[in-house]
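The data block below is entry02.txt; it holds compact mmCIF, C-alpha atoms.
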# COMPACT_ATOMS: atom_id res chain seq x y z
CA MET X 25 124.19 155.67 57.20
CA LYS X 26 127.96 155.32 57.12
CA PRO X 27 129.55 155.29 60.60
CA LEU X 28 131.74 158.11 61.86
CA VAL X 29 135.34 156.88 62.11
CA SER X 30 138.04 158.38 64.34
CA PHE X 31 141.58 158.18 62.98
CA CYS X 32 143.64 158.26 66.20
CA LEU X 33 147.32 159.17 65.84
CA MET X 34 149.63 159.08 68.85
CA CYS X 35 153.15 160.49 68.87
CA CYS X 36 156.05 161.14 71.22
CA ASN X 37 159.49 162.45 70.22
CA GLN X 38 159.07 161.42 66.58
CA GLU X 39 160.01 164.66 64.83
CA ARG X 40 161.69 162.78 61.97
CA TYR X 41 158.59 160.77 61.12
CA VAL X 42 155.42 162.43 62.44
CA GLY X 43 155.09 164.61 59.33
CA ASP X 44 154.80 161.50 57.16
CA ALA X 45 152.32 159.98 59.62
CA LEU X 46 150.16 163.11 59.47
CA ARG X 47 150.22 163.18 55.67
CA GLY X 48 148.91 159.61 55.76
CA ALA X 49 146.11 160.71 58.10
CA PHE X 50 145.18 163.71 55.96
CA ALA X 51 145.14 161.57 52.81
CA GLN X 52 142.43 159.19 54.12
CA THR X 53 139.63 158.82 51.57
CA TYR X 54 136.90 157.71 53.98
CA ARG X 55 134.10 160.05 55.09
CA PRO X 56 132.72 160.86 57.64
CA LEU X 57 136.08 161.01 59.41
CA GLN X 58 137.48 162.62 62.54
CA ILE X 59 141.25 162.89 63.04
CA VAL X 60 142.52 162.93 66.62
CA VAL X 61 146.19 163.57 67.43
CA SER X 62 147.69 163.26 70.91
CA ASP X 63 151.29 164.21 71.63
CA ASP X 64 152.70 162.60 74.77
CA ALA X 65 154.71 165.57 76.12
CA SER X 66 157.37 165.41 73.40
CA THR X 67 160.65 167.12 74.20
CA ASP X 68 161.72 167.49 70.57
CA ARG X 69 159.98 169.40 67.73
CA SER X 70 157.16 166.86 67.30
CA TRP X 71 154.43 169.17 68.66
CA GLU X 72 155.57 172.11 66.54
CA ILE X 73 155.45 169.93 63.44
CA VAL X 74 151.98 168.66 64.37
CA GLU X 75 150.58 172.16 64.96
CA SER X 76 152.04 173.49 61.71
CA ALA X 77 150.84 170.55 59.61
CA VAL X 78 147.33 170.67 61.10
CA ALA X 79 147.06 174.43 60.60
CA GLU X 80 147.95 173.99 56.92
CA TYR X 81 145.56 171.05 56.54
CA ARG X 82 142.63 172.96 58.05
CA ARG X 83 142.88 175.46 55.18
CA ARG X 84 142.08 172.75 52.66
CA PRO X 85 138.47 172.69 51.37
CA ASP X 86 138.24 168.91 51.91
CA ALA X 87 139.56 169.02 55.51
CA VAL X 88 137.74 167.02 58.18
CA GLU X 89 137.51 167.76 61.91
CA VAL X 90 140.90 167.55 63.64
CA VAL X 91 141.20 167.35 67.42
CA LEU X 92 144.62 168.18 68.90
CA SER X 93 145.80 167.28 72.38
CA ARG X 94 149.13 167.54 74.14
CA ASN X 95 149.72 165.82 77.47
CA GLU X 96 151.27 168.04 80.15
CA ARG X 97 153.32 165.08 81.34
CA ASN X 98 154.36 161.88 79.65
CA LEU X 99 151.65 159.24 80.14
CA GLY X 100 153.34 156.35 78.36
CA ILE X 101 152.07 154.58 75.25
CA THR X 102 149.00 153.01 76.83
CA GLY X 103 148.14 156.15 78.78
CA ASN X 104 148.37 158.21 75.60
CA TRP X 105 146.16 155.76 73.70
CA HIS X 106 143.58 155.92 76.50
CA ARG X 107 143.66 159.71 76.19
CA LEU X 108 143.02 159.41 72.44
CA CYS X 109 140.05 157.12 73.06
CA SER X 110 138.52 159.65 75.44
CA LEU X 111 138.67 162.33 72.70
CA ALA X 112 137.42 160.17 69.82
CA LYS X 113 133.75 160.24 68.81
CA GLY X 114 133.76 157.58 66.09
CA GLU X 115 132.13 154.16 66.12
CA LEU X 116 135.41 152.66 64.89
CA LEU X 117 138.77 153.90 66.21
CA VAL X 118 141.63 153.43 63.74
CA LYS X 119 144.96 153.31 65.59
CA ALA X 120 148.04 154.99 64.13
CA ASP X 121 151.56 155.64 65.44
CA GLY X 122 153.74 158.67 64.80
CA ASP X 123 156.51 156.74 63.02
CA ASP X 124 154.32 154.73 60.62
CA VAL X 125 152.36 155.78 57.54
CA SER X 126 148.76 154.81 56.73
CA LEU X 127 147.93 154.43 53.05
CA PRO X 128 145.04 156.63 51.83
CA GLU X 129 142.53 153.79 51.55
CA ARG X 130 143.23 152.34 55.00
CA ALA X 131 140.18 153.61 56.90
CA GLU X 132 137.87 153.04 53.93
CA ARG X 133 138.86 149.40 53.49
CA LEU X 134 138.69 148.64 57.22
CA VAL X 135 135.20 150.14 57.49
CA SER X 136 134.02 148.35 54.34
CA ALA X 137 135.09 144.97 55.75
CA TRP X 138 133.66 145.80 59.20
CA GLU X 139 130.28 146.79 57.74
CA ALA X 140 130.19 143.70 55.48
CA ASP X 141 130.65 141.61 58.65
CA GLY X 142 127.69 143.33 60.32
CA ARG X 143 129.87 145.47 62.62
CA ARG X 144 130.26 142.43 64.90
CA ALA X 145 134.04 142.62 65.28
CA THR X 146 135.55 144.55 68.16
CA LEU X 147 139.02 144.24 66.60
CA VAL X 148 139.82 144.81 62.91
CA SER X 149 143.37 144.16 61.66
CA SER X 150 145.11 144.58 58.32
CA GLY X 151 148.41 143.77 56.67
CA GLY X 152 151.12 146.21 55.70
CA TRP X 153 154.61 146.79 54.32
CA LEU X 154 157.84 147.03 56.29
CA ILE X 155 160.06 150.07 55.84
CA GLY X 156 163.37 151.01 57.46
CA PRO X 157 164.19 154.13 59.52
CA ARG X 158 164.89 156.07 56.30
CA GLY X 159 161.83 154.78 54.49
CA GLY X 160 163.54 152.05 52.46
CA ARG X 161 161.24 149.20 51.53
CA LEU X 162 161.82 145.90 53.37
CA GLY X 163 158.96 143.84 51.97
CA PRO X 164 155.61 142.73 53.44
CA MET X 165 155.05 142.73 57.19
CA PRO X 166 153.49 139.77 59.02
CA GLN X 167 149.71 139.89 58.93
CA ALA X 168 148.43 141.70 62.02
CA SER X 169 145.95 139.71 64.11
CA SER X 170 145.31 138.73 67.70
CA ARG X 171 148.16 136.21 67.33
CA HIS X 172 150.51 138.88 66.01
CA ALA X 173 149.41 142.05 67.77
CA THR X 174 150.51 145.11 65.81
CA GLY X 175 148.54 148.06 67.12
CA ALA X 176 149.54 150.38 64.27
CA ALA X 177 147.67 148.07 61.86
CA MET X 178 144.52 147.71 63.98
CA ALA X 179 141.18 149.38 64.62
CA PHE X 180 138.86 148.96 67.61
CA SER X 181 135.12 149.18 68.06
CA ARG X 182 133.86 152.07 70.17
CA VAL X 183 132.57 149.59 72.76
CA VAL X 184 136.15 148.71 73.77
CA ALA X 185 136.81 152.30 74.82
CA ASP X 186 133.44 152.62 76.57
CA VAL X 187 133.52 149.45 78.69
CA TYR X 188 136.99 149.62 80.24
CA GLY X 189 138.60 152.30 82.36
CA GLU X 190 142.16 153.54 82.33
CA PRO X 191 144.74 150.76 82.83
CA ALA X 192 146.20 150.51 86.33
CA ASN X 193 149.67 150.96 84.84
CA PRO X 194 149.47 153.40 81.90
CA ARG X 195 152.98 152.39 80.75
CA ILE X 196 152.25 148.75 79.97
CA ILE X 197 152.39 147.63 76.36
CA ASP X 198 149.28 148.91 74.59
CA ASP X 199 148.95 146.42 71.72
CA GLU X 200 148.54 143.28 73.82
CA THR X 201 146.35 145.01 76.41
CA TYR X 202 143.80 146.43 73.99
CA VAL X 203 143.73 143.35 71.78
CA ARG X 204 142.65 141.26 74.77
CA ARG X 205 140.19 143.93 75.87
CA ALA X 206 138.61 143.78 72.43
CA LEU X 207 138.51 139.98 72.20
CA MET X 208 136.85 139.66 75.61
CA LEU X 209 133.91 141.59 74.16
CA GLY X 210 133.65 140.23 70.62
CA PRO X 211 135.28 138.56 67.61
CA GLU X 212 138.15 139.81 65.49
CA LEU X 213 138.14 140.51 61.78
CA VAL X 214 141.35 140.10 59.76
CA VAL X 215 141.59 142.14 56.55
CA PRO X 216 144.42 140.86 54.30
CA ASP X 217 144.89 144.19 52.47
CA ARG X 218 148.27 145.88 53.04
CA LEU X 219 147.26 149.28 54.36
CA ILE X 220 150.20 150.70 56.33
CA LEU X 221 153.93 151.29 56.00
CA TYR X 222 155.29 149.92 59.28
CA ARG X 223 158.66 151.36 60.24
CA LEU X 224 161.22 149.01 61.80
CA GLY X 225 164.12 150.11 63.98
CA THR X 226 162.46 153.19 65.51
CA GLY X 227 159.78 151.94 67.90
CA CYS X 228 159.97 150.51 71.41
CA SER X 229 159.44 146.87 70.46
CA ASN X 230 161.36 146.25 67.25
CA SER X 231 164.90 146.33 65.96
CA LEU X 232 166.60 145.77 62.64
CA TRP X 233 169.67 144.10 64.12
CA ARG X 234 169.30 143.09 67.74
CA VAL X 235 167.37 139.95 68.72
CA ARG X 236 167.77 139.03 72.38
CA ALA X 237 167.23 142.45 74.01
CA PRO X 238 163.97 143.30 72.17
CA LEU X 239 162.59 139.82 72.88
CA VAL X 240 163.42 140.06 76.58
CA ARG X 241 161.92 143.54 76.85
CA ALA X 242 158.79 142.44 74.98
CA ARG X 243 158.28 139.46 77.31
CA GLY X 244 158.61 141.68 80.38
CA ASP X 245 156.03 144.06 78.90
CA LEU X 246 153.80 141.12 78.08
CA LEU X 247 153.81 139.84 81.66
CA ALA X 248 152.68 143.28 82.86
CA ALA X 249 149.98 143.35 80.18
CA LEU X 250 148.75 139.90 81.25
CA GLY X 251 148.34 141.22 84.79
CA GLN X 252 146.20 144.07 83.41
CA SER X 253 144.16 141.58 81.39
CA ARG X 254 143.27 139.70 84.57
CA ARG X 255 141.91 142.94 86.02
CA ASP X 256 140.06 143.62 82.77
CA LEU X 257 138.47 140.17 82.94
CA GLU X 258 137.01 140.97 86.35
CA CYS X 259 135.57 144.17 84.84
CA VAL X 260 133.57 142.25 82.19
CA ARG X 261 133.00 138.90 83.94
CA SER X 262 129.28 139.44 84.43
CA ARG X 263 128.94 140.79 80.89
CA ILE X 264 130.50 137.83 79.07
CA GLY X 265 129.25 135.01 81.30
CA ALA X 266 130.88 132.35 83.49
CA GLU X 267 131.87 129.95 80.69
CA ALA X 268 133.64 132.59 78.62
CA ALA X 269 135.32 134.01 81.73
CA ALA X 270 136.63 130.56 82.70
CA ALA X 271 138.01 130.09 79.18
CA TRP X 272 139.81 133.43 79.44
CA GLU X 273 141.28 132.46 82.82
CA ARG X 274 142.75 129.31 81.28
CA ARG X 275 144.08 131.27 78.33
CA LEU X 276 145.74 133.89 80.55
CA ASP X 277 147.31 131.15 82.69
CA GLU X 278 148.73 129.44 79.59
CA GLU X 279 150.08 132.68 78.14
CA THR X 280 151.66 133.66 81.46
CA ASP X 281 153.42 130.30 81.81
CA ARG X 282 154.66 130.44 78.20
CA CYS X 283 155.92 134.00 78.66
CA ARG X 284 157.83 133.11 81.84
CA ALA X 285 159.32 130.05 80.14
CA GLU X 286 160.50 132.16 77.20
CA LEU X 287 162.08 134.69 79.57
CA GLU X 288 163.98 131.90 81.30
CA LEU X 289 165.10 130.55 77.93
CA PHE X 290 166.29 133.98 76.77
CA THR X 291 168.06 135.06 79.98
CA SER X 292 169.02 132.23 82.34
CA PRO X 293 172.77 131.47 82.61
CA SER X 294 171.92 127.89 83.63
CA PHE X 295 171.62 125.30 80.87
CA ALA X 296 169.40 123.14 83.08
CA VAL X 297 166.96 126.04 83.58
CA ARG X 298 166.95 126.82 79.85
CA ARG X 299 166.34 123.19 78.98
CA ALA X 300 163.46 122.95 81.49
CA ALA X 301 161.99 126.15 80.06
CA MET X 302 162.29 124.75 76.53
CA ARG X 303 160.31 121.67 77.56
CA ARG X 304 157.49 123.87 78.95
CA LEU X 305 157.05 125.60 75.60
CA PRO X 306 154.69 124.18 72.96
CA PRO X 307 156.46 122.22 70.19
CA MET X 308 157.35 124.01 66.98
CA ARG X 309 158.50 122.94 63.54
CA ALA X 310 162.24 122.30 63.61
CA PHE X 311 162.96 124.45 60.57
CA SER X 312 160.74 127.39 61.50
CA VAL X 313 162.23 130.76 62.47
CA TRP X 314 161.06 130.40 66.06
CA GLY X 315 162.35 126.85 66.17
CA PHE X 316 165.79 128.11 65.16
CA LEU X 317 165.68 130.97 67.70
CA ARG X 318 164.71 128.66 70.53
CA PHE X 319 167.57 126.33 69.65
CA ALA X 320 169.99 129.28 69.53
CA PHE X 321 168.93 130.57 72.95
CA LEU X 322 169.23 127.07 74.41
CA MET X 323 172.92 127.02 73.52
CA PRO X 324 175.66 128.70 75.64
CA ARG X 325 176.00 132.44 75.01
CA PRO X 326 179.05 132.23 72.67
CA VAL X 327 177.34 129.60 70.52
CA ALA X 328 174.08 131.55 70.57
CA ALA X 329 175.89 134.70 69.43
CA ALA X 330 177.56 132.77 66.61
CA LEU X 331 174.12 131.55 65.47
CA LEU X 332 172.30 134.86 65.85
CA VAL X 333 174.77 137.05 63.93
CA PRO X 334 174.29 135.25 60.58
CA TYR X 335 170.56 135.04 61.34
CA VAL X 336 170.15 138.84 61.62
CA LEU X 337 172.33 139.41 58.56
CA LEU X 338 170.28 136.94 56.53
CA ARG X 339 167.02 138.40 57.85
CA HIS X 340 168.04 141.91 56.87
CA ALA X 341 169.24 140.79 53.43
CA VAL X 342 165.98 138.95 52.77
CA ARG X 343 163.96 142.00 53.78
CA ARG X 344 165.97 144.22 51.47
CA LEU X 345 165.53 141.80 48.57
CA ARG X 346 161.81 141.44 49.18
CA GLY X 347 161.55 145.21 49.37
CA ALA X 348 163.44 145.66 46.11
CA PHE X 349 161.00 143.41 44.27
CA SER X 350 157.79 144.56 45.98
CA ARG X 351 155.44 146.92 44.18
CA GLN X 352 156.05 150.67 44.36
CA LEU X 353 154.75 152.13 47.63
CA CYS X 354 153.75 155.75 47.81
CA LEU X 355 150.99 158.04 49.05
CA ALA X 356 148.59 159.33 46.45
Please go through the file and, once you have read it, give me the structure as structure tokens.
Amino acid sequence: MKPLVSFCLMCCNQERYVGDALRGAFAQTYRPLQIVVSDDASTDRSWEIVESAVAEYRRRPDAVEVVLSRNERNLGITGNWHRLCSLAKGELLVKADGDDVSLPERAERLVSAWEADGRRATLVSSGGWLIGPRGGRLGPMPQASSRHATGAAMAFSRVVADVYGEPANPRIIDDETYVRRALMLGPELVVPDRLILYRLGTGCSNSLWRVRAPLVRARGDLLAALGQSRRDLECVRSRIGAEAAAAWERRLDEETDRCRAELELFTSPSFAVRRAAMRRLPPMRAFSVWGFLRFAFLMPRPVAAALLVPYVLLRHAVRRLRGAFSRQLCLA
């Protein structure tokens, strides 16, 4: 029997984009499917748009069950995702954000790969396409995986929602937190298919033009998420065994030290501190993007700015060119 899948869409103050996100949810070809939508106390017209779109969808003969929820107060991204998990009934929870668009075959392809792997994976990730705030194509997005956590391109096994409780801080970054929660309980499965349109320049952790500020904010969020992961490890220590728990402790220590070193590199006014932080980071290829960024941040602020401005211009131009030559993207 095919497993029930919950398509879980979270939104907050995304009136410009949530309609597109809902159309992507309603276009899913997989059955049996449950759609769950949770609005995190939006102060714009997001909730009105959601209610109207769902009411119209429910009149369709092929409509599936839709569960609507609106938080009385803002719970933050992770708190809202936890709320969605509590409402979902599926064996696989497909995560979706209110400013991105899932292609119609997304749930079907994720489930097909998950079933072919024996339903072992607790984390299933896919690829996608980058789009700008107005929907312009910017080319392929980096492949989502545990090394490049992109929650909008991921799905989680039901066991992840059942084992853990609500995070101590519901406002910590959700992607990193739930990826680690999943990997503590089982393996990941990476599906190379491009199944979402991921919007840049509108979310809390990405930007089309700025570099330093989003990276600094992301590292601060990551440190908070690492603290939550240590608490999560205690929750499952007896379940996963002493050897696996010790390996996770080492991994969390390494990630915490790397994150603190990157923060010092990005923010410290002292060249000596930045140089010491650079030495604590693992080596990278000299001509890689991250190698260039680390070198730029090591330099004094005026030099770094001179290096980063052409970098963001070139990055944006490359994305536009890749988008112009990528295949046509549209919902069926």
Q | Polymer residues at most 9 Å from Leu209 of chain X, only C-alpha atoms, same-chain spacing of 4 or more positions, as a ChimeraX atom specification | A | /X:145-146,183-184,204-205,260,263-264
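For the pair atom CA of Gln38 of chain X and atom CA of Val78 of chain X, the interatomic distance is 15.9 Å.
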Q. Skipping near chain neighbours, those fewer than 6 positions away, what residues fall within 9 Å of Arg144 of chain X using all atoms listed in the file, listed as number ranges by chain?
A. X: 138, 181, 210-213
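Take atom CA of Pro191 of chain X and atom CA of Gly48 of chain X: the distance between them is 28.8 Å.
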Q: Take atom CA of Arg69 of chain X and atom CA of Cys109 of chain X and report the distance between them in Å, one decimal.
A: 24.0 Å
**Q.** Option closest in space to Arg241 of chain X, from X:Glu190, X:Glu286, X:Glu273, X:Asp141 [counting only C-alpha atoms]
**A.** X:Glu286
(Q) I need every residue sitting at most 12 Å from the point (142.6, 161.1, 73.7) (coordinates as in the file, all atoms listed in the file considered), written as a VMD selection string. (A) chain X and resid 30 to 35 59 to 64 91 to 95 99 101 to 113 117 119 185 190
Residue selection dump (C-alpha atoms) as a PDB file, in the coordinates of the input:
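To be explicit, this is the file written out as again38.pdb:
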ATOM      1  CA  SER X  30     138.040 158.380  64.340  1.00  0.00           C
ATOM      2  CA  PHE X  31     141.580 158.180  62.980  1.00  0.00           C
ATOM      3  CA  CYS X  32     143.640 158.260  66.200  1.00  0.00           C
ATOM      4  CA  LEU X  33     147.320 159.170  65.840  1.00  0.00           C
ATOM      5  CA  MET X  34     149.630 159.080  68.850  1.00  0.00           C
ATOM      6  CA  CYS X  35     153.150 160.490  68.870  1.00  0.00           C
ATOM      7  CA  ILE X  59     141.250 162.890  63.040  1.00  0.00           C
ATOM      8  CA  VAL X  60     142.520 162.930  66.620  1.00  0.00           C
ATOM      9  CA  VAL X  61     146.190 163.570  67.430  1.00  0.00           C
ATOM     10  CA  SER X  62     147.690 163.260  70.910  1.00  0.00           C
ATOM     11  CA  ASP X  63     151.290 164.210  71.630  1.00  0.00           C
ATOM     12  CA  ASP X  64     152.700 162.600  74.770  1.00  0.00           C
ATOM     13  CA  VAL X  91     141.200 167.350  67.420  1.00  0.00           C
ATOM     14  CA  LEU X  92     144.620 168.180  68.900  1.00  0.00           C
ATOM     15  CA  SER X  93     145.800 167.280  72.380  1.00  0.00           C
ATOM     16  CA  ARG X  94     149.130 167.540  74.140  1.00  0.00           C
ATOM     17  CA  ASN X  95     149.720 165.820  77.470  1.00  0.00           C
ATOM     18  CA  LEU X  99     151.650 159.240  80.140  1.00  0.00           C
ATOM     19  CA  ILE X 101     152.070 154.580  75.250  1.00  0.00           C
ATOM     20  CA  THR X 102     149.000 153.010  76.830  1.00  0.00           C
ATOM     21  CA  GLY X 103     148.140 156.150  78.780  1.00  0.00           C
ATOM     22  CA  ASN X 104     148.370 158.210  75.600  1.00  0.00           C
ATOM     23  CA  TRP X 105     146.160 155.760  73.700  1.00  0.00           C
ATOM     24  CA  HIS X 106     143.580 155.920  76.500  1.00  0.00           C
ATOM     25  CA  ARG X 107     143.660 159.710  76.190  1.00  0.00           C
ATOM     26  CA  LEU X 108     143.020 159.410  72.440  1.00  0.00           C
ATOM     27  CA  CYS X 109     140.050 157.120  73.060  1.00  0.00           C
ATOM     28  CA  SER X 110     138.520 159.650  75.440  1.00  0.00           C
ATOM     29  CA  LEU X 111     138.670 162.330  72.700  1.00  0.00           C
ATOM     30  CA  ALA X 112     137.420 160.170  69.820  1.00  0.00           C
ATOM     31  CA  LYS X 113     133.750 160.240  68.810  1.00  0.00           C
ATOM     32  CA  LEU X 117     138.770 153.900  66.210  1.00  0.00           C
ATOM     33  CA  LYS X 119     144.960 153.310  65.590  1.00  0.00           C
ATOM     34  CA  ALA X 185     136.810 152.300  74.820  1.00  0.00           C
ATOM     35  CA  GLU X 190     142.160 153.540  82.330  1.00  0.00           C
TER      36      GLU X 190
END
Q: Extract, using only C-alpha atoms, all DNA, RNA and protein residues at most 12 Å from Arg303 of chain X, discarding same-chain residues fewer than 3 positions from it, and format them as a PyMOL selection string.
A: chain X and resi 281-282+285-286+288-289+296-300+306-308+318-319+322
**Q.** Distance criterion (only C-alpha atoms): nearest to Leu332 of chain X out of X:Ala77, X:Leu28, X:Ala120, X:Val313
**A.** X:Val313
Q: Counting only C-alpha atoms, note down every residue that has an atom within 10 Å of the point (142.9, 152.9, 52.1) (file coordinates), as a ChimeraX atom specification.
A: /X:48,51-54,126-135,217-220
Q: Go through X:Val148, X:Ala248, X:Leu239, X:Ala301 one by one, measure the shortest atom-to-atom distance of each to Leu317 of chain X using only C-alpha atoms, and give the residue with the smallest value.
A: X:Leu239
Q. Excluding same-chain residues fewer than 4 positions from Arg254 of chain X, what lies within 9 Å of it counting all atoms listed in the file, as a list in words?
A. Ala249, Leu250, Glu258, Cys259, Trp272, Glu273 and Leu276 of chain X
Q. Which residue out of X:Val327, X:Met208, X:Glu115, X:Tyr81 has the minimum interatomic distance to Ala270 of chain X when only C-alpha atoms are used?
A. X:Met208
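Closest approach to Val203 of chain X among X:Val240, X:Asp256, X:Gly163, X:Cys36: X:Asp256, based on all atoms listed in the file.
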Q. If we count all atoms listed in the file, what is near Val74 of chain X at a cut-off of 8 Å, once residues fewer than 3 positions away on the same chain are taken out, given as a ChimeraX atom specification?
A. /X:42-43,46,70-71,77-78
Output for the residues just chosen: C-alpha atoms as an mmCIF file, in the coordinates of the input:
data_model
loop_
_atom_site.group_PDB
_atom_site.id
_atom_site.type_symbol
_atom_site.label_atom_id
_atom_site.label_comp_id
_atom_site.auth_asym_id
_atom_site.auth_seq_id
_atom_site.Cartn_x
_atom_site.Cartn_y
_atom_site.Cartn_z
ATOM 1 C CA VAL X 42 155.420 162.430 62.440
ATOM 2 C CA GLY X 43 155.090 164.610 59.330
ATOM 3 C CA LEU X 46 150.160 163.110 59.470
ATOM 4 C CA SER X 70 157.160 166.860 67.300
ATOM 5 C CA TRP X 71 154.430 169.170 68.660
ATOM 6 C CA ALA X 77 150.840 170.550 59.610
ATOM 7 C CA VAL X 78 147.330 170.670 61.100
#
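Among the candidate residues X:Arg223, X:His172, X:Arg55, X:Arg195, the one lying nearest to Arg40 of chain X is X:Arg223, with distances computed using all atoms listed in the file.
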Complete the atom set of segment 196-216 of chain X to N, CA and C atoms and return it as a PDB file, keeping the file's coordinate frame.
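part_30.pdb written:
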ATOM      1  N   ILE X 196     152.157 150.105  80.499  1.00  0.00           N
ATOM      2  CA  ILE X 196     152.250 148.750  79.970  1.00  0.00           C
ATOM      3  C   ILE X 196     152.073 148.779  78.459  1.00  0.00           C
ATOM      4  N   ILE X 197     152.461 147.696  77.815  1.00  0.00           N
ATOM      5  CA  ILE X 197     152.390 147.630  76.360  1.00  0.00           C
ATOM      6  C   ILE X 197     150.936 147.741  75.915  1.00  0.00           C
ATOM      7  N   ASP X 198     150.671 148.626  74.963  1.00  0.00           N
ATOM      8  CA  ASP X 198     149.280 148.910  74.590  1.00  0.00           C
ATOM      9  C   ASP X 198     148.696 147.875  73.647  1.00  0.00           C
ATOM     10  N   ASP X 199     149.490 147.337  72.724  1.00  0.00           N
ATOM     11  CA  ASP X 199     148.950 146.420  71.720  1.00  0.00           C
ATOM     12  C   ASP X 199     148.293 145.207  72.370  1.00  0.00           C
ATOM     13  N   GLU X 200     149.054 144.498  73.194  1.00  0.00           N
ATOM     14  CA  GLU X 200     148.540 143.280  73.820  1.00  0.00           C
ATOM     15  C   GLU X 200     147.343 143.590  74.717  1.00  0.00           C
ATOM     16  N   THR X 201     147.417 144.670  75.469  1.00  0.00           N
ATOM     17  CA  THR X 201     146.350 145.010  76.410  1.00  0.00           C
ATOM     18  C   THR X 201     145.031 145.245  75.693  1.00  0.00           C
ATOM     19  N   TYR X 202     145.051 146.080  74.650  1.00  0.00           N
ATOM     20  CA  TYR X 202     143.800 146.430  73.990  1.00  0.00           C
ATOM     21  C   TYR X 202     143.307 145.338  73.059  1.00  0.00           C
ATOM     22  N   VAL X 203     144.187 144.499  72.558  1.00  0.00           N
ATOM     23  CA  VAL X 203     143.730 143.350  71.780  1.00  0.00           C
ATOM     24  C   VAL X 203     142.913 142.416  72.675  1.00  0.00           C
ATOM     25  N   ARG X 204     143.403 142.129  73.868  1.00  0.00           N
ATOM     26  CA  ARG X 204     142.650 141.260  74.770  1.00  0.00           C
ATOM     27  C   ARG X 204     141.365 141.933  75.222  1.00  0.00           C
ATOM     28  N   ARG X 205     141.412 143.216  75.496  1.00  0.00           N
ATOM     29  CA  ARG X 205     140.190 143.930  75.870  1.00  0.00           C
ATOM     30  C   ARG X 205     139.127 143.772  74.781  1.00  0.00           C
ATOM     31  N   ALA X 206     139.557 143.911  73.530  1.00  0.00           N
ATOM     32  CA  ALA X 206     138.610 143.780  72.430  1.00  0.00           C
ATOM     33  C   ALA X 206     138.066 142.362  72.317  1.00  0.00           C
ATOM     34  N   LEU X 207     138.935 141.364  72.407  1.00  0.00           N
ATOM     35  CA  LEU X 207     138.510 139.980  72.200  1.00  0.00           C
ATOM     36  C   LEU X 207     137.644 139.456  73.341  1.00  0.00           C
ATOM     37  N   MET X 208     137.755 140.041  74.525  1.00  0.00           N
ATOM     38  CA  MET X 208     136.850 139.660  75.610  1.00  0.00           C
ATOM     39  C   MET X 208     135.411 140.070  75.313  1.00  0.00           C
ATOM     40  N   LEU X 209     135.242 141.054  74.437  1.00  0.00           N
ATOM     41  CA  LEU X 209     133.910 141.590  74.160  1.00  0.00           C
ATOM     42  C   LEU X 209     133.341 141.156  72.817  1.00  0.00           C
ATOM     43  N   GLY X 210     134.160 140.612  71.938  1.00  0.00           N
ATOM     44  CA  GLY X 210     133.650 140.230  70.620  1.00  0.00           C
ATOM     45  C   GLY X 210     134.705 139.585  69.755  1.00  0.00           C
ATOM     46  N   PRO X 211     134.343 139.238  68.519  1.00  0.00           N
ATOM     47  CA  PRO X 211     135.280 138.560  67.610  1.00  0.00           C
ATOM     48  C   PRO X 211     136.223 139.546  66.933  1.00  0.00           C
ATOM     49  N   GLU X 212     137.239 138.994  66.298  1.00  0.00           N
ATOM     50  CA  GLU X 212     138.150 139.810  65.490  1.00  0.00           C
ATOM     51  C   GLU X 212     137.860 139.616  64.015  1.00  0.00           C
ATOM     52  N   LEU X 213     138.281 140.577  63.230  1.00  0.00           N
ATOM     53  CA  LEU X 213     138.140 140.510  61.780  1.00  0.00           C
ATOM     54  C   LEU X 213     139.505 140.835  61.184  1.00  0.00           C
ATOM     55  N   VAL X 214     140.040 139.923  60.379  1.00  0.00           N
ATOM     56  CA  VAL X 214     141.350 140.100  59.760  1.00  0.00           C
ATOM     57  C   VAL X 214     141.172 140.474  58.294  1.00  0.00           C
ATOM     58  N   VAL X 215     141.664 141.646  57.925  1.00  0.00           N
ATOM     59  CA  VAL X 215     141.590 142.140  56.550  1.00  0.00           C
ATOM     60  C   VAL X 215     142.966 141.951  55.916  1.00  0.00           C
ATOM     61  N   PRO X 216     143.094 141.161  54.858  1.00  0.00           N
ATOM     62  CA  PRO X 216     144.420 140.860  54.300  1.00  0.00           C
ATOM     63  C   PRO X 216     145.063 142.014  53.536  1.00  0.00           C
TER      64      PRO X 216
END
